[in-house]
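Q: Encoded as structure tokens, here's the structure I'll be asking about.
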Amino acid sequence: MSSSSLSRRGFLGLAAAGTAATALPGCGGGSSGSSTIGQPRSGGRLRAAFSGGGAAEVLDPHQTNLYVEIARTKALYDKLADYGSDMAPQPRLAEKWEPSADLRTWRITLRQATFHNGQPVRPADVLASFARIVEPGSTRRAKSALSVIDLANSRAIGDRTIEFRLERPYGEFPNALATLGTYIAPSGTPDLAKPVGSGPFRFRSFEPGRSFVAERNPDYWDGAPYIEELQLLISNDEAARVNALLGKQVEYAHDLTPTSARTHEKAVRIHRLPLSNFHGLAMKVDRPPFNQPELRQAMFHLIDRDELIRSVLHGSGELGNDLYGKNYRYYAAGLAQRGQDLDRAKALLKQAGAEGLTIDFDTSDASTGLKEAALAISDQARAIGLNLNVKLGNKDTYWADIAKNGVLAGYRSGAMPLESHISQRLLTTSTTNNTQWRRPDFDKLYYEAQSTTDEDERADLYLRMQQQLFDDGGFLWWGVSDWIVASAPAVGGVDDKAPANTLNWARFDKVWLA
């Protein structure tokens with residue numbers, strides 16, 4: 001095994017050691033990411049271990065669905081905006097934005113920035129990137145968020161200003177600019193073999209499902225990275241990622257279980273990214289058997305959320321209440337917390353004519369806790385005479401497989417504003433609508449919320465949308481926990497307050513090696 005790379009065979013081979021890895025002699029470390037390694041310094045190579053998507057992985061800046069794809073893309077590219085740690089959009093390539101009084105025109109001023117080829121970032125690059133995302137036939141994640149833009153009538157004003165004309169009022173338009181997959185590439189067809197962006201690192205090499213290497217961009221507009229080289233390595237086995245960190249084969253490991261974090265917190269730095277790990281189920285409401293609302297409601301009432309927090313999250317989490325975004329702005333915190341009610345679940349199952357029914361339940365090892373949650377929920381369902389047949393899917397293709405196929409799947413999400421969750425996953429036009437929830441009256445409430453400048457009215461509209469989802473939706477969110485990553489004791493600059501998916505998560509241009 002060479003010092004400059006970690007072969008896939010060698011990396012996955014670490015899984016054989018399972019969770020029996022022990023702390024290496026001489027390793028110090030903190031348990032909450034507190035830094036005692038001094039001031040930032042330049043130099044060195046950081047190797048980070050992520051789960052991945054196998055040979056299906058891409059370097060397309062507008063096709064970012066996996067966490068490793070997001071980490072790679074944000075290393076190479078920038079968006080106009082990104083979500084801050086408080087879920088509010090923060091300017092990035094956009095220096096500022098200004099809406100018209102009717103919220104149908106937004107003027108964006110670009111900051112001074114250049115692509116890796118020396119070309120300045122201009123309005124034409126932004127317009128071309130957005131046109132590619134929303135082109136006919138596209139299923140790109142950001143399409144639903146950006147389809148509101150009337151690109152034909154949007155225009156450049158000089159070298160640094162874009163005037164976006166919208167099809168309808170959109171009061172939270174900056175959220176759309178921060179959506180995953182809205183990265184800006186030079187105008188023209190992006191070179192996916194040798195990508196050019198404006199981000200903190202320049203592309204060097206890529207092997208799908210194995211390795212990505214990038215080098216420091218000394219001319220980055222937000223300050224040159226401290227590290228000289230970034231390498232992202234792939235293993236879908238959480239124990240292998242942990243062992244690679246303990247064995248000094250990587251300096252950063254993404255997505256750990258609470259058990260691994262507790263076991264190794266004296267040997268490595270554990271970073272618990274606050275309440276950004278949402279755990280749930282996705283029921284497809286457009287097909288049998290979950291096209292029957294009584295069966296969906298039976299699922300809501302059969303789940304023992306307390307037991308799932310104990311057994312799956314090992315006590316390191318909070319109860320979910322079947323709605324996304326707990327503790328975020330506009331979250332319907334006033335709805336009564338659901339608990340397990342087996343009598344009601346049985347009655348609803350009978351109303352649905354589903355007593356004794358067997359339902360395939362898709363899950364995978366693609367993310368930590370998915371399989372364990374599915375097995376626990378399957379056990380709970382037997383108490384009301386419902387048979388959930390747990391099927392372990394391909395961990396490399398799981399998220400793509402469940403997007404259109406099956407009827408019931410384990411689900412997990414990082415952080416995003418409630419508005420983005422709705423626009424990306426729950427509108428008739430949403431391209432990542434994994435529950436196939438399509439309700440014109442729900443869409444209308446969303447559009448009304450974006451049309452008003454009255455904050456109380458908008459909050460009320462969000463409450464009405466969430467009431468629909470609480471009563472009749474296809475998502476069942478049973479818990480929320482911290483997202484856990486770990487780094488070597490000599491790594492500084494990891495932001496412990498940045499939820500997964502936000503600006504300062506996987507911000508490898510801001511970390512350094514002591």
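Every chain in the structure tokens takes a letter, A first, then B, and so on in the order presented; its residues are numbered from 1, and the ligands are numbered from 1 following the presented order.
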Among region 192-380 of chain A, which ones does DSSP assign to alpha helix (DSSP H) (computed from the backbone)? Answer as number ranges by chain.

A: A: 238-246, 258-264, 293-302, 305-311, 342-351, 370-380

Q: Could you name the residues that touch region 179-194 of chain A at 8 Å or less, counting only C-alpha atoms, but leaving out those on the same chain fewer than 2 positions away, as a PyMOL selection string?

A: chain A and resi 59-65+70+73+77-80+82+115+121+124-126+128-130+133+140-142+145+175-177+196-198+203+420

Q: Name the residues in contact with Ala75 (chain A) at a cut-off of 8 Å, using only C-alpha atoms, excluding same-chain residues fewer than 2 positions from it; report them as a list in words.

A: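 Once the nearby chain positions are removed, what remains is Ala71, Arg72, Thr73, Tyr77, Gly199, Pro200, Phe201, Arg202, Ala214, Arg507, Phe508 and Asp509 of chain A.
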
Q: Go ahead and dump the residues you just picked, N, CA and C atoms, as a short mmCIF file (atom, residue, chain, number, x, y, z; two decimals), in the first residue's frame.

A:
```cif
data_model
loop_
_atom_site.label_atom_id
_atom_site.label_comp_id
_atom_site.auth_asym_id
_atom_site.auth_seq_id
_atom_site.Cartn_x
_atom_site.Cartn_y
_atom_site.Cartn_z
N ALA A 71 -19.13 16.82 -1.02
CA ALA A 71 -17.81 17.23 -0.53
C ALA A 71 -16.85 17.47 -1.69
N ARG A 72 -16.87 16.59 -2.69
CA ARG A 72 -16.00 16.78 -3.85
C ARG A 72 -16.35 18.06 -4.60
N THR A 73 -17.66 18.26 -4.80
CA THR A 73 -18.08 19.40 -5.61
C THR A 73 -17.80 20.72 -4.92
N TYR A 77 -16.01 23.79 -6.71
CA TYR A 77 -16.94 24.81 -7.21
C TYR A 77 -17.49 25.66 -6.07
N GLY A 199 -13.68 26.99 -6.97
CA GLY A 199 -13.57 26.60 -5.57
C GLY A 199 -12.17 26.60 -5.01
N PRO A 200 -12.02 26.20 -3.75
CA PRO A 200 -10.74 26.31 -3.05
C PRO A 200 -9.68 25.31 -3.49
N PHE A 201 -10.10 24.26 -4.23
CA PHE A 201 -9.15 23.25 -4.70
C PHE A 201 -9.27 23.07 -6.22
N ARG A 202 -8.16 22.71 -6.83
CA ARG A 202 -8.12 22.42 -8.26
C ARG A 202 -8.06 20.92 -8.48
N ALA A 214 -7.39 16.50 -5.14
CA ALA A 214 -7.38 17.89 -5.59
C ALA A 214 -6.25 18.62 -4.88
N ARG A 507 -15.70 21.46 5.23
CA ARG A 507 -15.05 22.67 4.73
C ARG A 507 -13.54 22.45 4.81
N PHE A 508 -13.01 21.67 3.88
CA PHE A 508 -11.62 21.24 3.97
C PHE A 508 -10.63 22.35 3.63
N ASP A 509 -11.12 23.46 3.09
CA ASP A 509 -10.21 24.58 2.86
C ASP A 509 -9.91 25.33 4.17
#
```

Q: Would you mind reading off the distance between CA of Arg104 (chain A) and CA of Leu166 (chain A), one decimal, in Å?

A: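 Atom-to-atom, CA of Arg104 (chain A) and CA of Leu166 (chain A) are spaced 5.0 Å apart.
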
Q: Identify all residues of region 96-264 of chain A in strand (DSSP E or B) (DSSP on the backbone) and supply them as a PyMOL selection string.

A: chain A and resi 96-99+105-110+114+120+149+155-157+161-166+201-207+211-216+229-234+252-254

Q: Can you measure CA of Thr139 (chain A) to CA of Thr431 (chain A) for me? One decimal in Å is fine.

A: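 Interatomic distance here is 5.8 Å.
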
Q: Just the residues within 10 Å of Lys371 (chain A), please, counting only C-alpha atoms, with nothing from its chain fewer than 2 positions along; format it as JSON, numbers by chain.

A: {"A": [312, 362, 363, 364, 365, 366, 367, 368, 369, 373, 374, 375, 376, 377, 390, 391, 392, 393, 410]}

Q: Write a file of the just-selected residues containing all heavy atoms, as a CSV table (one decimal), in the first residue's frame.

A:
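So part_22.csv came out as:
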```csv
chain,number,residue,atom,x,y,z
A,312,VAL,N,-31.4,2.1,18.3
A,312,VAL,CA,-30.7,2.5,17.0
A,312,VAL,C,-29.7,3.6,17.3
A,312,VAL,O,-28.6,3.6,16.8
A,312,VAL,CB,-31.7,2.9,15.9
A,312,VAL,CG1,-31.0,3.3,14.7
A,312,VAL,CG2,-32.6,1.7,15.7
A,362,ASP,N,-37.5,-1.8,2.1
A,362,ASP,CA,-36.1,-1.6,1.6
A,362,ASP,C,-35.3,-0.9,2.6
A,362,ASP,O,-35.6,0.2,3.1
A,362,ASP,CB,-36.2,-0.8,0.3
A,362,ASP,CG,-36.8,-1.6,-0.9
A,362,ASP,OD1,-36.5,-2.8,-1.0
A,362,ASP,OD2,-37.7,-1.0,-1.6
A,363,THR,N,-34.1,-1.4,2.7
A,363,THR,CA,-33.0,-0.7,3.6
A,363,THR,C,-31.7,-1.1,3.0
A,363,THR,O,-31.5,-1.8,2.0
A,363,THR,CB,-33.2,-1.1,5.0
A,363,THR,OG1,-32.4,-0.3,5.8
A,363,THR,CG2,-32.9,-2.6,5.3
A,364,SER,N,-30.6,-0.6,3.7
A,364,SER,CA,-29.3,-0.8,3.2
A,364,SER,C,-28.3,-0.4,4.2
A,364,SER,O,-28.6,0.2,5.2
A,364,SER,CB,-29.1,0.1,1.9
A,364,SER,OG,-27.7,0.1,1.5
A,365,ASP,N,-27.0,-0.8,4.0
A,365,ASP,CA,-25.9,-0.3,4.8
A,365,ASP,C,-25.3,1.0,4.2
A,365,ASP,O,-24.2,1.4,4.6
A,365,ASP,CB,-24.8,-1.4,4.8
A,365,ASP,CG,-25.2,-2.6,5.7
A,365,ASP,OD1,-25.7,-2.3,6.8
A,365,ASP,OD2,-24.9,-3.7,5.3
A,366,ALA,N,-26.1,1.6,3.3
A,366,ALA,CA,-25.5,2.8,2.7
A,366,ALA,C,-25.3,4.0,3.7
A,366,ALA,O,-24.5,4.8,3.5
A,366,ALA,CB,-26.5,3.3,1.6
A,367,SER,N,-26.1,4.0,4.8
A,367,SER,CA,-25.9,5.0,5.8
A,367,SER,C,-26.0,4.3,7.2
A,367,SER,O,-26.8,3.3,7.3
A,367,SER,CB,-27.0,6.1,5.7
A,367,SER,OG,-26.8,6.9,4.6
A,368,THR,N,-25.3,4.8,8.1
A,368,THR,CA,-25.3,4.2,9.5
A,368,THR,C,-26.7,4.2,10.1
A,368,THR,O,-27.4,5.3,10.0
A,368,THR,CB,-24.3,4.9,10.4
A,368,THR,OG1,-24.6,6.3,10.5
A,368,THR,CG2,-22.9,4.8,9.9
A,369,GLY,N,-27.1,3.1,10.6
A,369,GLY,CA,-28.4,3.0,11.3
A,369,GLY,C,-29.6,2.7,10.5
A,369,GLY,O,-30.6,2.3,11.0
A,373,ALA,N,-32.5,0.3,12.1
A,373,ALA,CA,-33.9,0.9,12.3
A,373,ALA,C,-34.9,0.0,11.6
A,373,ALA,O,-36.0,-0.2,12.1
A,373,ALA,CB,-33.9,2.3,11.7
A,374,ALA,N,-34.6,-0.5,10.4
A,374,ALA,CA,-35.6,-1.3,9.6
A,374,ALA,C,-35.9,-2.6,10.4
A,374,ALA,O,-37.1,-3.0,10.5
A,374,ALA,CB,-35.0,-1.6,8.2
A,375,LEU,N,-34.9,-3.2,10.9
A,375,LEU,CA,-35.1,-4.5,11.7
A,375,LEU,C,-35.9,-4.2,12.9
A,375,LEU,O,-36.8,-5.0,13.3
A,375,LEU,CB,-33.8,-5.1,12.0
A,375,LEU,CG,-32.9,-5.6,10.8
A,375,LEU,CD1,-31.5,-6.0,11.3
A,375,LEU,CD2,-33.7,-6.8,10.1
A,376,ALA,N,-35.6,-3.1,13.6
A,376,ALA,CA,-36.4,-2.8,14.8
A,376,ALA,C,-37.8,-2.5,14.5
A,376,ALA,O,-38.8,-2.9,15.2
A,376,ALA,CB,-35.7,-1.6,15.6
A,377,ILE,N,-38.1,-1.7,13.5
A,377,ILE,CA,-39.4,-1.3,13.1
A,377,ILE,C,-40.2,-2.6,12.6
A,377,ILE,O,-41.4,-2.7,12.9
A,377,ILE,CB,-39.4,-0.2,12.0
A,377,ILE,CG1,-38.9,1.1,12.6
A,377,ILE,CG2,-40.8,0.0,11.4
A,377,ILE,CD1,-38.5,2.1,11.6
A,390,VAL,N,-38.0,-7.1,5.5
A,390,VAL,CA,-36.8,-6.3,5.3
A,390,VAL,C,-35.9,-6.8,4.2
A,390,VAL,O,-35.5,-8.0,4.2
A,390,VAL,CB,-36.0,-6.2,6.6
A,390,VAL,CG1,-34.7,-5.4,6.4
A,390,VAL,CG2,-36.8,-5.5,7.7
A,391,LYS,N,-35.6,-6.0,3.2
A,391,LYS,CA,-34.8,-6.3,2.1
A,391,LYS,C,-33.5,-5.4,2.1
A,391,LYS,O,-33.7,-4.2,2.0
A,391,LYS,CB,-35.6,-6.2,0.8
A,391,LYS,CG,-36.8,-7.1,0.6
A,391,LYS,CD,-37.6,-6.8,-0.6
A,391,LYS,CE,-36.7,-7.1,-1.9
A,391,LYS,NZ,-37.5,-6.9,-3.1
A,392,LEU,N,-32.4,-6.1,2.1
A,392,LEU,CA,-31.1,-5.3,2.1
A,392,LEU,C,-30.7,-5.0,0.7
A,392,LEU,O,-30.4,-5.9,-0.1
A,392,LEU,CB,-30.0,-6.1,2.9
A,392,LEU,CG,-28.8,-5.3,3.2
A,392,LEU,CD1,-29.1,-4.2,4.2
A,392,LEU,CD2,-27.7,-6.3,3.8
A,393,GLY,N,-30.7,-3.7,0.4
A,393,GLY,CA,-30.4,-3.3,-1.0
A,393,GLY,C,-28.9,-3.0,-1.2
A,393,GLY,O,-28.1,-3.1,-0.3
A,410,GLY,N,-36.2,2.8,4.3
A,410,GLY,CA,-35.6,3.5,5.3
A,410,GLY,C,-35.0,4.8,4.7
A,410,GLY,O,-34.5,4.8,3.6
```

Q: Which residues, written as a PyMOL selection string, have at least one atom at most 12 Å from Ala336 (chain A), with only C-alpha atoms counted and residues fewer than 6 positions away on the same chain left out?

A: chain A and resi 320-323+467+470-471

Q: Could you tell me which of A:Thr502, A:Asn434, A:Thr161, A:Ser423 comes closest to Lys284 (chain A) if we count only C-alpha atoms?

A: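 With only C-alpha atoms as the atom set, the closest residue is A:Asn434.
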
Q: Using Å and a single decimal, report how far CA of Ala88 (chain A) sits from CA of Arg329 (chain A).

A: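 Separating CA of Arg329 (chain A) from CA of Ala88 (chain A) is a distance of 9.2 Å.
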